[in-house]
Amino acid sequence: MQKSSRLAIYALMELAANPDRQISASEIGEKYRVSSHHLAKVFISLGRAGLVQSIRGVGGGYSFTGNAKRLTLLDIISLFEDTSSACKLNDPSKATDEEWVMFDISKEINDMALATYGSITIATLLKQVDRRGRIRAAKSDGSPALT
Amino acid sequence: MSETPDDMDVAVAVKIGRAGFEYLDRVVDLDSQITGQPKPEYWKDVFERYASRHVEERFFLVAEAPDSKDGDILGLIVGEVRGFEFGSKPCGWIFAVSVHPDSRQRGIGEALFTAICDEFRQIGIVKVRTMVQREDPLHMSFFRSEGMVAGPYIQFEMSLED
């Protein structure tokens, strides 16, 4: 996964988890230790896709305008990269048996990755983050792990 | 982006219980509405195996509206304990979950999943598994949303026609 895709997922998780707030790129950049300049470019793509809107001025920032229960990681990654690029033959008409075998293996791995990314929504990610936080909190204060 | 059984726009209360043979026709009807293909013989066989034998470790659960009296069922889930296959310790397997299309996005799938996991826990099972087609985003997304992740096994197959 490319860095832009990863940043976009973090940014959307942050916005979707805080639907009542406008969050600035610098605030998200600080949390994930990335430049707000890079994040600003990511937000342009997310805005074009209709997933965020920006409010300018004091107290401004970005807000999530997508559907967290529908938006999958694959939807987001596809905005930034060609998800089929991991398994392409340069010239199928001239490919050797060896190249075809390697193509089949790459395709098998890529198909699995795409199915995984396509099945995980932003809402599911937020549930996992919440669960992980509760388990970590329970461990730190010695109470039984939550389910 | 698919419609998944976990999407709870408005959660509804449901009554979840074990399915006896009196539910056979309603299960066939539900499945037929979802798949477009009535399979009475298949479901009769499933009822014989999962609703009447070894029921201490086989669970055929149905969801109904709280006030339902022999009415339509809203969803079903079927699973069992399997052990020692592929080097696995005994674990719970879910092999069918369905929610009527008109009743989706109401938390019924989640209620059924939670109920069967509770059944497994009560008999000491600590792991639950299922298998889903890659091209089935509905069920993939549902199980993911319930917290399931890829397990330690990879399914292999080979065509015997080549």
# chains A, B, ... in the order shown; residues from 1 in each chain; ligands from 1

$ residues_around --residues "range 83-97 of chain B" --least-positions-apart "2" --cutoff "8 Å" --atoms "only C-alpha atoms" --output "list in words"
Gly75, Leu76, Ile77, Val78, Gly79, Glu80, Val81, Val99, Gly109, Phe120, Ile125, Val126, Lys127, Val128, Arg129, Thr130 and Met131 of chain B

$ select_by_dssp --residues "chain B" --states "helix (DSSP H, G or I)" --output "compact mmCIF listing (two decimals) with all heavy atoms, in the first residue's frame"
# COMPACT_ATOMS: atom_id res chain seq x y z
N PHE B 21 -38.04 -28.77 14.02
CA PHE B 21 -38.56 -29.14 12.70
C PHE B 21 -39.78 -28.30 12.28
O PHE B 21 -40.07 -28.18 11.11
CB PHE B 21 -38.94 -30.62 12.67
CG PHE B 21 -37.81 -31.48 12.20
CD1 PHE B 21 -36.97 -32.10 13.10
CD2 PHE B 21 -37.57 -31.67 10.84
CE1 PHE B 21 -35.92 -32.88 12.68
CE2 PHE B 21 -36.52 -32.45 10.39
CZ PHE B 21 -35.69 -33.06 11.32
N GLU B 22 -40.44 -27.70 13.30
CA GLU B 22 -41.60 -26.87 12.96
C GLU B 22 -41.20 -25.63 12.17
O GLU B 22 -42.06 -24.96 11.59
CB GLU B 22 -42.37 -26.49 14.23
CG GLU B 22 -41.68 -25.53 15.17
CD GLU B 22 -40.73 -26.22 16.14
OE1 GLU B 22 -40.36 -27.38 15.89
OE2 GLU B 22 -40.38 -25.59 17.16
N TYR B 23 -39.88 -25.35 12.13
CA TYR B 23 -39.42 -24.18 11.39
C TYR B 23 -39.01 -24.52 9.96
O TYR B 23 -38.62 -23.63 9.20
CB TYR B 23 -38.20 -23.55 12.10
CG TYR B 23 -38.56 -22.76 13.34
CD1 TYR B 23 -38.66 -23.39 14.58
CD2 TYR B 23 -38.79 -21.39 13.27
CE1 TYR B 23 -38.98 -22.67 15.72
CE2 TYR B 23 -39.12 -20.67 14.40
CZ TYR B 23 -39.21 -21.31 15.62
OH TYR B 23 -39.53 -20.60 16.75
N LEU B 24 -39.04 -25.79 9.61
CA LEU B 24 -38.50 -26.22 8.31
C LEU B 24 -39.09 -25.42 7.14
O LEU B 24 -38.35 -24.86 6.33
CB LEU B 24 -38.73 -27.72 8.10
CG LEU B 24 -38.32 -28.27 6.73
CD1 LEU B 24 -36.83 -28.02 6.47
CD2 LEU B 24 -38.62 -29.77 6.64
N ASP B 25 -40.40 -25.37 7.07
CA ASP B 25 -41.03 -24.68 5.93
C ASP B 25 -40.65 -23.20 5.88
O ASP B 25 -40.43 -22.63 4.81
CB ASP B 25 -42.56 -24.81 5.99
CG ASP B 25 -43.00 -26.24 5.73
OD1 ASP B 25 -42.19 -27.01 5.19
OD2 ASP B 25 -44.15 -26.57 6.07
N ARG B 26 -40.57 -22.59 7.07
CA ARG B 26 -40.25 -21.16 7.10
C ARG B 26 -38.79 -20.91 6.71
O ARG B 26 -38.46 -19.91 6.08
CB ARG B 26 -40.54 -20.58 8.49
CG ARG B 26 -42.03 -20.31 8.70
CD ARG B 26 -42.33 -19.86 10.09
NE ARG B 26 -42.45 -20.99 11.01
CZ ARG B 26 -42.52 -20.87 12.32
NH1 ARG B 26 -42.43 -19.68 12.87
NH2 ARG B 26 -42.64 -21.94 13.08
N VAL B 27 -37.90 -21.84 7.09
CA VAL B 27 -36.50 -21.71 6.69
C VAL B 27 -36.36 -21.90 5.18
O VAL B 27 -35.65 -21.14 4.50
CB VAL B 27 -35.62 -22.73 7.45
CG1 VAL B 27 -34.25 -22.85 6.81
CG2 VAL B 27 -35.48 -22.31 8.91
N VAL B 28 -37.05 -22.89 4.64
CA VAL B 28 -37.03 -23.11 3.19
C VAL B 28 -37.54 -21.86 2.47
O VAL B 28 -36.96 -21.41 1.47
CB VAL B 28 -37.87 -24.33 2.80
CG1 VAL B 28 -38.04 -24.43 1.28
CG2 VAL B 28 -37.24 -25.61 3.34
N ASP B 29 -38.58 -21.27 3.03
CA ASP B 29 -39.16 -20.07 2.41
C ASP B 29 -38.19 -18.89 2.47
O ASP B 29 -37.99 -18.18 1.49
CB ASP B 29 -40.47 -19.73 3.14
CG ASP B 29 -41.20 -18.60 2.45
OD1 ASP B 29 -41.35 -18.68 1.21
OD2 ASP B 29 -41.62 -17.64 3.12
N LEU B 30 -37.56 -18.71 3.63
CA LEU B 30 -36.59 -17.61 3.77
C LEU B 30 -35.43 -17.80 2.78
O LEU B 30 -35.07 -16.87 2.05
CB LEU B 30 -36.04 -17.56 5.20
CG LEU B 30 -34.89 -16.58 5.43
CD1 LEU B 30 -35.40 -15.13 5.39
CD2 LEU B 30 -34.19 -16.84 6.76
N ASP B 31 -34.88 -19.00 2.77
CA ASP B 31 -33.75 -19.28 1.87
C ASP B 31 -34.15 -19.10 0.41
O ASP B 31 -33.38 -18.56 -0.39
CB ASP B 31 -33.25 -20.71 2.11
CG ASP B 31 -32.11 -21.07 1.18
OD1 ASP B 31 -31.06 -20.41 1.25
OD2 ASP B 31 -32.28 -22.01 0.37
N SER B 32 -35.36 -19.52 0.09
CA SER B 32 -35.85 -19.39 -1.27
C SER B 32 -35.98 -17.93 -1.68
O SER B 32 -35.65 -17.54 -2.81
CB SER B 32 -37.21 -20.09 -1.39
OG SER B 32 -37.75 -19.89 -2.66
N GLN B 33 -36.43 -17.10 -0.74
CA GLN B 33 -36.56 -15.66 -1.04
C GLN B 33 -35.20 -15.02 -1.25
O GLN B 33 -35.06 -14.08 -2.03
CB GLN B 33 -37.29 -14.95 0.11
CG GLN B 33 -38.76 -15.30 0.20
CD GLN B 33 -39.43 -14.49 1.29
OE1 GLN B 33 -39.44 -13.28 1.26
NE2 GLN B 33 -40.01 -15.19 2.26
N ILE B 34 -34.17 -15.52 -0.54
CA ILE B 34 -32.84 -14.93 -0.65
C ILE B 34 -32.10 -15.44 -1.88
O ILE B 34 -31.50 -14.67 -2.62
CB ILE B 34 -32.02 -15.22 0.63
CG1 ILE B 34 -32.65 -14.48 1.82
CG2 ILE B 34 -30.56 -14.81 0.46
CD1 ILE B 34 -32.07 -14.86 3.15
N THR B 35 -32.18 -16.75 -2.10
CA THR B 35 -31.38 -17.34 -3.19
C THR B 35 -32.17 -17.52 -4.48
O THR B 35 -31.59 -17.76 -5.53
CB THR B 35 -30.84 -18.73 -2.77
OG1 THR B 35 -31.95 -19.64 -2.61
CG2 THR B 35 -30.06 -18.64 -1.47
N PRO B 40 -35.92 -27.65 -0.44
CA PRO B 40 -36.52 -28.33 0.73
C PRO B 40 -35.74 -29.56 1.19
O PRO B 40 -35.61 -29.79 2.40
CB PRO B 40 -37.93 -28.69 0.24
CG PRO B 40 -37.88 -28.60 -1.24
CD PRO B 40 -36.85 -27.58 -1.58
N GLU B 41 -35.23 -30.35 0.25
CA GLU B 41 -34.52 -31.57 0.64
C GLU B 41 -33.22 -31.23 1.36
O GLU B 41 -32.84 -31.89 2.34
CB GLU B 41 -34.23 -32.44 -0.59
CG GLU B 41 -35.46 -33.11 -1.16
CD GLU B 41 -36.21 -33.93 -0.10
OE1 GLU B 41 -35.55 -34.70 0.64
OE2 GLU B 41 -37.44 -33.77 0.01
N TYR B 42 -32.52 -30.22 0.85
CA TYR B 42 -31.28 -29.80 1.49
C TYR B 42 -31.54 -29.37 2.92
O TYR B 42 -30.86 -29.81 3.86
CB TYR B 42 -30.64 -28.64 0.70
CG TYR B 42 -29.54 -27.94 1.45
CD1 TYR B 42 -28.26 -28.49 1.54
CD2 TYR B 42 -29.78 -26.73 2.13
CE1 TYR B 42 -27.26 -27.86 2.26
CE2 TYR B 42 -28.79 -26.10 2.84
CZ TYR B 42 -27.53 -26.67 2.91
OH TYR B 42 -26.54 -26.05 3.63
N TRP B 43 -32.56 -28.53 3.13
CA TRP B 43 -32.82 -28.01 4.47
C TRP B 43 -33.36 -29.09 5.40
O TRP B 43 -33.09 -29.08 6.60
CB TRP B 43 -33.77 -26.81 4.40
CG TRP B 43 -33.05 -25.58 3.94
CD1 TRP B 43 -33.16 -24.95 2.74
CD2 TRP B 43 -32.04 -24.86 4.67
NE1 TRP B 43 -32.30 -23.88 2.68
CE2 TRP B 43 -31.61 -23.80 3.84
CE3 TRP B 43 -31.46 -25.00 5.93
CZ2 TRP B 43 -30.62 -22.89 4.25
CZ3 TRP B 43 -30.48 -24.10 6.34
CH2 TRP B 43 -30.07 -23.06 5.49
N LYS B 44 -34.11 -30.04 4.82
CA LYS B 44 -34.58 -31.16 5.66
C LYS B 44 -33.39 -31.93 6.22
O LYS B 44 -33.35 -32.30 7.39
CB LYS B 44 -35.47 -32.09 4.81
CG LYS B 44 -36.13 -33.18 5.60
CD LYS B 44 -37.17 -33.91 4.76
CE LYS B 44 -37.74 -35.08 5.55
NZ LYS B 44 -37.62 -36.35 4.93
N ASP B 45 -32.40 -32.13 5.35
CA ASP B 45 -31.18 -32.83 5.77
C ASP B 45 -30.44 -32.02 6.84
O ASP B 45 -29.95 -32.57 7.83
CB ASP B 45 -30.29 -33.06 4.55
CG ASP B 45 -29.05 -33.87 4.91
OD1 ASP B 45 -29.22 -34.95 5.49
OD2 ASP B 45 -27.93 -33.42 4.62
N VAL B 46 -30.35 -30.69 6.64
CA VAL B 46 -29.67 -29.83 7.62
C VAL B 46 -30.41 -29.90 8.97
O VAL B 46 -29.78 -30.01 10.03
CB VAL B 46 -29.61 -28.36 7.12
CG1 VAL B 46 -29.09 -27.43 8.23
CG2 VAL B 46 -28.73 -28.26 5.88
N PHE B 47 -31.74 -29.87 8.93
CA PHE B 47 -32.51 -29.97 10.18
C PHE B 47 -32.25 -31.29 10.87
O PHE B 47 -32.11 -31.35 12.10
CB PHE B 47 -34.01 -29.80 9.89
CG PHE B 47 -34.48 -28.38 10.00
CD1 PHE B 47 -34.38 -27.51 8.94
CD2 PHE B 47 -35.01 -27.91 11.20
CE1 PHE B 47 -34.80 -26.19 9.04
CE2 PHE B 47 -35.44 -26.60 11.31
CZ PHE B 47 -35.34 -25.74 10.24
N GLU B 48 -32.22 -32.37 10.08
CA GLU B 48 -32.00 -33.69 10.70
C GLU B 48 -30.64 -33.75 11.38
O GLU B 48 -30.48 -34.32 12.45
CB GLU B 48 -32.11 -34.79 9.63
CG GLU B 48 -33.56 -35.10 9.29
CD GLU B 48 -33.70 -35.99 8.07
OE1 GLU B 48 -32.67 -36.33 7.46
OE2 GLU B 48 -34.84 -36.32 7.71
N ARG B 49 -29.63 -33.12 10.75
CA ARG B 49 -28.29 -33.21 11.31
C ARG B 49 -28.02 -32.17 12.39
O ARG B 49 -27.29 -32.45 13.34
CB ARG B 49 -27.24 -33.04 10.19
CG ARG B 49 -27.12 -34.30 9.33
CD ARG B 49 -26.03 -34.17 8.31
NE ARG B 49 -26.41 -33.21 7.27
CZ ARG B 49 -25.58 -32.31 6.76
NH1 ARG B 49 -24.36 -32.21 7.21
NH2 ARG B 49 -25.99 -31.50 5.81
N TYR B 50 -28.61 -30.98 12.25
CA TYR B 50 -28.23 -29.89 13.15
C TYR B 50 -29.31 -29.46 14.14
O TYR B 50 -29.04 -28.68 15.04
CB TYR B 50 -27.76 -28.68 12.32
CG TYR B 50 -26.47 -28.98 11.63
CD1 TYR B 50 -26.46 -29.50 10.35
CD2 TYR B 50 -25.25 -28.81 12.29
CE1 TYR B 50 -25.27 -29.84 9.72
CE2 TYR B 50 -24.06 -29.14 11.67
CZ TYR B 50 -24.08 -29.65 10.39
OH TYR B 50 -22.91 -29.99 9.79
N GLU B 85 -9.73 -31.57 12.91
CA GLU B 85 -9.51 -31.57 11.47
C GLU B 85 -8.36 -30.60 11.18
O GLU B 85 -8.29 -29.53 11.76
CB GLU B 85 -10.75 -31.08 10.74
CG GLU B 85 -11.94 -32.01 10.90
CD GLU B 85 -13.24 -31.36 10.43
OE1 GLU B 85 -13.38 -30.15 10.60
OE2 GLU B 85 -14.08 -32.10 9.91
N PHE B 86 -7.49 -30.97 10.29
CA PHE B 86 -6.38 -30.10 9.88
C PHE B 86 -5.52 -29.67 11.07
O PHE B 86 -4.96 -28.57 11.08
CB PHE B 86 -6.90 -28.85 9.14
CG PHE B 86 -7.98 -29.16 8.14
CD1 PHE B 86 -9.28 -28.70 8.35
CD2 PHE B 86 -7.71 -29.92 7.02
CE1 PHE B 86 -10.28 -28.99 7.43
CE2 PHE B 86 -8.71 -30.21 6.11
CZ PHE B 86 -10.00 -29.75 6.32
N GLY B 87 -5.44 -30.51 12.07
CA GLY B 87 -4.60 -30.20 13.22
C GLY B 87 -5.18 -29.15 14.15
O GLY B 87 -4.47 -28.60 15.00
N PRO B 101 -33.72 -9.95 3.21
CA PRO B 101 -33.31 -8.64 2.67
C PRO B 101 -34.09 -7.47 3.25
O PRO B 101 -33.53 -6.39 3.48
CB PRO B 101 -33.58 -8.79 1.16
CG PRO B 101 -33.43 -10.25 0.90
CD PRO B 101 -33.94 -10.94 2.14
N ASP B 102 -35.38 -7.65 3.53
CA ASP B 102 -36.18 -6.55 4.07
C ASP B 102 -35.85 -6.25 5.53
O ASP B 102 -36.28 -5.22 6.07
CB ASP B 102 -37.69 -6.87 3.98
CG ASP B 102 -38.16 -6.94 2.54
OD1 ASP B 102 -37.43 -6.44 1.65
OD2 ASP B 102 -39.24 -7.52 2.30
N SER B 103 -35.14 -7.17 6.18
CA SER B 103 -34.84 -6.99 7.60
C SER B 103 -33.37 -6.68 7.85
O SER B 103 -32.93 -6.65 9.00
CB SER B 103 -35.22 -8.26 8.38
OG SER B 103 -36.60 -8.51 8.27
N ILE B 108 -29.89 -7.67 13.03
CA ILE B 108 -30.32 -9.07 13.22
C ILE B 108 -29.15 -10.04 12.99
O ILE B 108 -28.96 -11.00 13.74
CB ILE B 108 -31.50 -9.38 12.29
CG1 ILE B 108 -32.71 -8.54 12.72
CG2 ILE B 108 -31.86 -10.87 12.31
CD1 ILE B 108 -33.86 -8.53 11.74
N GLY B 109 -28.36 -9.78 11.97
CA GLY B 109 -27.19 -10.63 11.72
C GLY B 109 -26.25 -10.60 12.90
O GLY B 109 -25.73 -11.64 13.33
N GLU B 110 -26.04 -9.42 13.45
CA GLU B 110 -25.14 -9.30 14.60
C GLU B 110 -25.72 -10.04 15.80
O GLU B 110 -24.98 -10.70 16.54
CB GLU B 110 -24.92 -7.83 14.94
CG GLU B 110 -24.01 -7.64 16.14
CD GLU B 110 -23.50 -6.22 16.25
OE1 GLU B 110 -22.55 -5.89 15.52
OE2 GLU B 110 -24.05 -5.45 17.04
N ALA B 111 -27.03 -9.93 16.01
CA ALA B 111 -27.66 -10.62 17.15
C ALA B 111 -27.51 -12.14 17.00
O ALA B 111 -27.24 -12.85 17.98
CB ALA B 111 -29.13 -10.24 17.24
N LEU B 112 -27.68 -12.65 15.78
CA LEU B 112 -27.52 -14.10 15.55
C LEU B 112 -26.07 -14.52 15.78
O LEU B 112 -25.79 -15.55 16.40
CB LEU B 112 -27.96 -14.44 14.12
CG LEU B 112 -29.46 -14.45 13.86
CD1 LEU B 112 -29.75 -14.35 12.36
CD2 LEU B 112 -30.10 -15.71 14.44
N PHE B 113 -25.15 -13.72 15.26
CA PHE B 113 -23.72 -14.04 15.42
C PHE B 113 -23.34 -14.05 16.91
O PHE B 113 -22.66 -14.96 17.39
CB PHE B 113 -22.88 -13.00 14.66
CG PHE B 113 -21.41 -13.25 14.72
CD1 PHE B 113 -20.80 -14.14 13.84
CD2 PHE B 113 -20.61 -12.59 15.64
CE1 PHE B 113 -19.44 -14.37 13.89
CE2 PHE B 113 -19.24 -12.82 15.70
CZ PHE B 113 -18.66 -13.71 14.82
N THR B 114 -23.80 -13.03 17.63
CA THR B 114 -23.52 -12.95 19.07
C THR B 114 -24.11 -14.15 19.80
O THR B 114 -23.46 -14.74 20.68
CB THR B 114 -24.10 -11.65 19.65
OG1 THR B 114 -23.53 -10.54 18.96
CG2 THR B 114 -23.81 -11.52 21.14
N ALA B 115 -25.32 -14.54 19.41
CA ALA B 115 -25.99 -15.66 20.09
C ALA B 115 -25.25 -16.97 19.88
O ALA B 115 -25.07 -17.75 20.82
CB ALA B 115 -27.43 -15.78 19.57
N ILE B 116 -24.79 -17.22 18.66
CA ILE B 116 -24.10 -18.51 18.43
C ILE B 116 -22.72 -18.49 19.09
O ILE B 116 -22.26 -19.52 19.59
CB ILE B 116 -24.04 -18.86 16.92
CG1 ILE B 116 -23.81 -20.37 16.77
CG2 ILE B 116 -22.97 -18.10 16.18
CD1 ILE B 116 -24.08 -20.91 15.38
N CYS B 117 -22.07 -17.33 19.13
CA CYS B 117 -20.79 -17.24 19.83
C CYS B 117 -20.99 -17.51 21.32
O CYS B 117 -20.16 -18.17 21.96
CB CYS B 117 -20.14 -15.87 19.61
SG CYS B 117 -19.45 -15.66 17.96
N ASP B 118 -22.09 -17.00 21.88
CA ASP B 118 -22.39 -17.27 23.29
C ASP B 118 -22.61 -18.77 23.53
O ASP B 118 -22.16 -19.32 24.54
CB ASP B 118 -23.64 -16.49 23.73
CG ASP B 118 -23.37 -15.00 23.88
OD1 ASP B 118 -22.18 -14.62 23.95
OD2 ASP B 118 -24.34 -14.23 23.91
N GLU B 119 -23.30 -19.42 22.58
CA GLU B 119 -23.50 -20.88 22.70
C GLU B 119 -22.16 -21.61 22.71
O GLU B 119 -21.93 -22.52 23.50
CB GLU B 119 -24.37 -21.40 21.54
CG GLU B 119 -25.78 -20.84 21.49
CD GLU B 119 -26.71 -21.54 22.48
OE1 GLU B 119 -26.24 -22.37 23.27
OE2 GLU B 119 -27.92 -21.24 22.45
N PHE B 120 -21.28 -21.21 21.79
CA PHE B 120 -19.95 -21.84 21.73
C PHE B 120 -19.19 -21.62 23.04
O PHE B 120 -18.59 -22.54 23.60
CB PHE B 120 -19.13 -21.29 20.56
CG PHE B 120 -19.60 -21.77 19.21
CD1 PHE B 120 -19.68 -20.89 18.13
CD2 PHE B 120 -19.93 -23.10 18.99
CE1 PHE B 120 -20.08 -21.31 16.87
CE2 PHE B 120 -20.34 -23.54 17.74
CZ PHE B 120 -20.42 -22.65 16.68
N ARG B 121 -19.22 -20.37 23.54
CA ARG B 121 -18.50 -20.06 24.78
C ARG B 121 -19.00 -20.92 25.94
O ARG B 121 -18.21 -21.38 26.75
CB ARG B 121 -18.70 -18.58 25.16
CG ARG B 121 -17.75 -17.64 24.47
CD ARG B 121 -17.78 -16.26 25.12
NE ARG B 121 -17.32 -15.28 24.17
CZ ARG B 121 -18.12 -14.58 23.36
NH1 ARG B 121 -19.42 -14.73 23.43
NH2 ARG B 121 -17.61 -13.72 22.50
N GLN B 122 -20.32 -21.12 25.99
CA GLN B 122 -20.90 -21.85 27.12
C GLN B 122 -20.45 -23.30 27.17
O GLN B 122 -20.52 -23.94 28.21
CB GLN B 122 -22.43 -21.78 27.06
CG GLN B 122 -22.95 -20.42 27.51
CD GLN B 122 -24.46 -20.30 27.34
OE1 GLN B 122 -25.15 -21.31 27.25
NE2 GLN B 122 -24.94 -19.08 27.30
N PRO B 137 -18.74 -10.01 -1.05
CA PRO B 137 -18.44 -8.91 -0.13
C PRO B 137 -19.47 -8.76 0.98
O PRO B 137 -19.16 -8.26 2.06
CB PRO B 137 -18.41 -7.67 -1.05
CG PRO B 137 -19.19 -8.06 -2.26
CD PRO B 137 -18.98 -9.54 -2.42
N LEU B 138 -20.71 -9.21 0.74
CA LEU B 138 -21.75 -9.09 1.76
C LEU B 138 -21.34 -9.82 3.04
O LEU B 138 -21.31 -9.24 4.13
CB LEU B 138 -23.07 -9.66 1.23
CG LEU B 138 -24.26 -9.57 2.17
CD1 LEU B 138 -24.78 -8.15 2.24
CD2 LEU B 138 -25.38 -10.52 1.74
N HIS B 139 -21.01 -11.11 2.87
CA HIS B 139 -20.64 -11.89 4.06
C HIS B 139 -19.23 -11.55 4.55
O HIS B 139 -18.97 -11.56 5.75
CB HIS B 139 -20.78 -13.39 3.76
CG HIS B 139 -22.20 -13.84 3.69
ND1 HIS B 139 -22.91 -13.90 2.53
CD2 HIS B 139 -23.06 -14.23 4.68
CE1 HIS B 139 -24.14 -14.31 2.79
NE2 HIS B 139 -24.27 -14.51 4.07
N MET B 140 -18.32 -11.26 3.61
CA MET B 140 -16.96 -10.86 4.02
C MET B 140 -17.03 -9.64 4.93
O MET B 140 -16.42 -9.60 6.00
CB MET B 140 -16.12 -10.50 2.78
CG MET B 140 -15.61 -11.66 1.99
SD MET B 140 -13.99 -12.23 2.52
CE MET B 140 -12.94 -10.96 1.82
N SER B 141 -17.78 -8.63 4.50
CA SER B 141 -17.88 -7.39 5.28
C SER B 141 -18.58 -7.64 6.61
O SER B 141 -18.20 -7.06 7.64
CB SER B 141 -18.65 -6.32 4.50
OG SER B 141 -17.99 -6.01 3.31
N PHE B 142 -19.60 -8.50 6.58
CA PHE B 142 -20.33 -8.79 7.81
C PHE B 142 -19.40 -9.42 8.85
O PHE B 142 -19.30 -8.95 9.99
CB PHE B 142 -21.50 -9.72 7.53
CG PHE B 142 -22.14 -10.25 8.78
CD1 PHE B 142 -22.84 -9.40 9.62
CD2 PHE B 142 -22.02 -11.58 9.12
CE1 PHE B 142 -23.41 -9.87 10.80
CE2 PHE B 142 -22.58 -12.07 10.29
CZ PHE B 142 -23.28 -11.21 11.13
N PHE B 143 -18.72 -10.50 8.47
CA PHE B 143 -17.86 -11.18 9.45
C PHE B 143 -16.72 -10.27 9.91
O PHE B 143 -16.31 -10.30 11.06
CB PHE B 143 -17.33 -12.49 8.87
CG PHE B 143 -18.39 -13.57 8.80
CD1 PHE B 143 -18.73 -14.15 7.60
CD2 PHE B 143 -19.03 -14.00 9.95
CE1 PHE B 143 -19.71 -15.14 7.54
CE2 PHE B 143 -20.01 -14.99 9.90
CZ PHE B 143 -20.35 -15.56 8.69
N ARG B 144 -16.19 -9.47 8.99
CA ARG B 144 -15.15 -8.51 9.37
C ARG B 144 -15.68 -7.54 10.42
O ARG B 144 -15.01 -7.23 11.40
CB ARG B 144 -14.71 -7.71 8.15
CG ARG B 144 -13.73 -8.43 7.27
CD ARG B 144 -12.33 -8.21 7.81
NE ARG B 144 -11.36 -8.91 6.99
CZ ARG B 144 -10.10 -9.08 7.33
NH1 ARG B 144 -9.65 -8.61 8.48
NH2 ARG B 144 -9.28 -9.72 6.55
N SER B 145 -16.88 -7.04 10.19
CA SER B 145 -17.44 -6.04 11.10
C SER B 145 -17.69 -6.64 12.48
O SER B 145 -17.73 -5.92 13.47
CB SER B 145 -18.73 -5.45 10.54
OG SER B 145 -19.80 -6.36 10.70

$ atom_distance --atom1 "CA of Leu89 in chain A" --atom2 "CA of Asp111 in chain A"
15.7 Å

$ residues_around --residues "range 38-43 of chain A" --least-positions-apart "2" --cutoff "8 Å" --atoms "only C-alpha atoms" --output "PyMOL selection string"
chain A and resi 4+7-8+25+29+34-36+45-47+52

$ atom_distance --atom1 "CA of Tyr117 in chain A" --atom2 "CA of Gly36 in chain B"
29.1 Å

$ interface_residues --of "chain A" --to "chain B" --cutoff "8 Å" --atoms "only C-alpha atoms" --output "VMD selection string"
chain A and resid 69 to 72 75 112 115 118 to 121 123 to 124 127 to 128

$ write_last_selection --atoms "N, CA, C and O atoms" --output "short mmCIF file (atom, residue, chain, number, x, y, z; two decimals), in the first residue's frame"
data_model
loop_
_atom_site.label_atom_id
_atom_site.label_comp_id
_atom_site.auth_asym_id
_atom_site.auth_seq_id
_atom_site.Cartn_x
_atom_site.Cartn_y
_atom_site.Cartn_z
N LYS A 69 -20.08 3.14 6.87
CA LYS A 69 -20.48 1.73 6.83
C LYS A 69 -20.38 1.15 5.43
O LYS A 69 -20.55 -0.06 5.24
N ARG A 70 -20.17 2.00 4.46
CA ARG A 70 -20.09 1.54 3.07
C ARG A 70 -18.69 1.68 2.47
O ARG A 70 -18.32 0.93 1.57
N LEU A 71 -17.96 2.65 2.96
CA LEU A 71 -16.67 2.98 2.35
C LEU A 71 -15.60 1.96 2.76
O LEU A 71 -15.27 1.84 3.94
N THR A 72 -15.08 1.24 1.79
CA THR A 72 -14.08 0.21 2.10
C THR A 72 -12.66 0.73 1.87
O THR A 72 -12.44 1.73 1.18
N ASP A 75 -11.97 1.02 -1.77
CA ASP A 75 -12.47 2.25 -2.38
C ASP A 75 -11.45 3.38 -2.23
O ASP A 75 -11.23 4.17 -3.15
N MET A 112 -6.19 -11.97 -3.09
CA MET A 112 -6.45 -12.08 -1.65
C MET A 112 -6.41 -10.70 -0.99
O MET A 112 -7.26 -10.35 -0.17
N ALA A 115 -9.53 -8.69 -1.96
CA ALA A 115 -10.72 -9.17 -1.24
C ALA A 115 -10.71 -8.69 0.20
O ALA A 115 -11.74 -8.31 0.77
N GLY A 118 -11.34 -4.95 0.25
CA GLY A 118 -12.72 -4.69 -0.17
C GLY A 118 -13.76 -5.06 0.87
O GLY A 118 -14.93 -4.71 0.74
N SER A 119 -13.35 -5.79 1.89
CA SER A 119 -14.32 -6.24 2.90
C SER A 119 -14.25 -5.43 4.19
O SER A 119 -15.04 -5.64 5.10
N ILE A 120 -13.29 -4.51 4.27
CA ILE A 120 -13.12 -3.76 5.52
C ILE A 120 -13.55 -2.31 5.31
O ILE A 120 -12.99 -1.60 4.48
N THR A 121 -14.57 -1.92 6.05
CA THR A 121 -15.08 -0.55 5.94
C THR A 121 -14.42 0.34 6.99
O THR A 121 -13.81 -0.15 7.96
N ALA A 123 -16.06 1.98 9.15
CA ALA A 123 -16.77 1.68 10.40
C ALA A 123 -16.17 0.46 11.09
O ALA A 123 -16.02 0.43 12.32
N THR A 124 -15.81 -0.56 10.30
CA THR A 124 -15.19 -1.75 10.88
C THR A 124 -13.83 -1.41 11.49
O THR A 124 -13.48 -1.88 12.58
N LYS A 127 -14.34 0.21 14.80
CA LYS A 127 -14.71 -0.78 15.82
C LYS A 127 -13.46 -1.49 16.34
O LYS A 127 -13.31 -1.75 17.53
N GLN A 128 -12.56 -1.83 15.41
CA GLN A 128 -11.33 -2.53 15.82
C GLN A 128 -10.45 -1.65 16.68
O GLN A 128 -9.84 -2.10 17.65
#

$ closest_residue --among "A:Leu74, A:Phe64, A:Lys3, A:Gln22" --to "Leu114 in chain A" --atoms "only C-alpha atoms"
A:Leu74

$ atom_distance --atom1 "CA of Gly50 in chain A" --atom2 "CA of Ala113 in chain A"
24.9 Å

$ select_by_dssp --residues "chain A" --states "strand (DSSP E)" --output "list in words"
Val52, Gln53, Ser54, Ile55, Gly61, Tyr62, Ser63 and Phe64 of chain A

$ residues_around --residues "Ala13 in chain B" --least-positions-apart "2" --cutoff "9 Å" --atoms "only C-alpha atoms" --output "ChimeraX atom specification"
/B:11,15,65-66,106-108
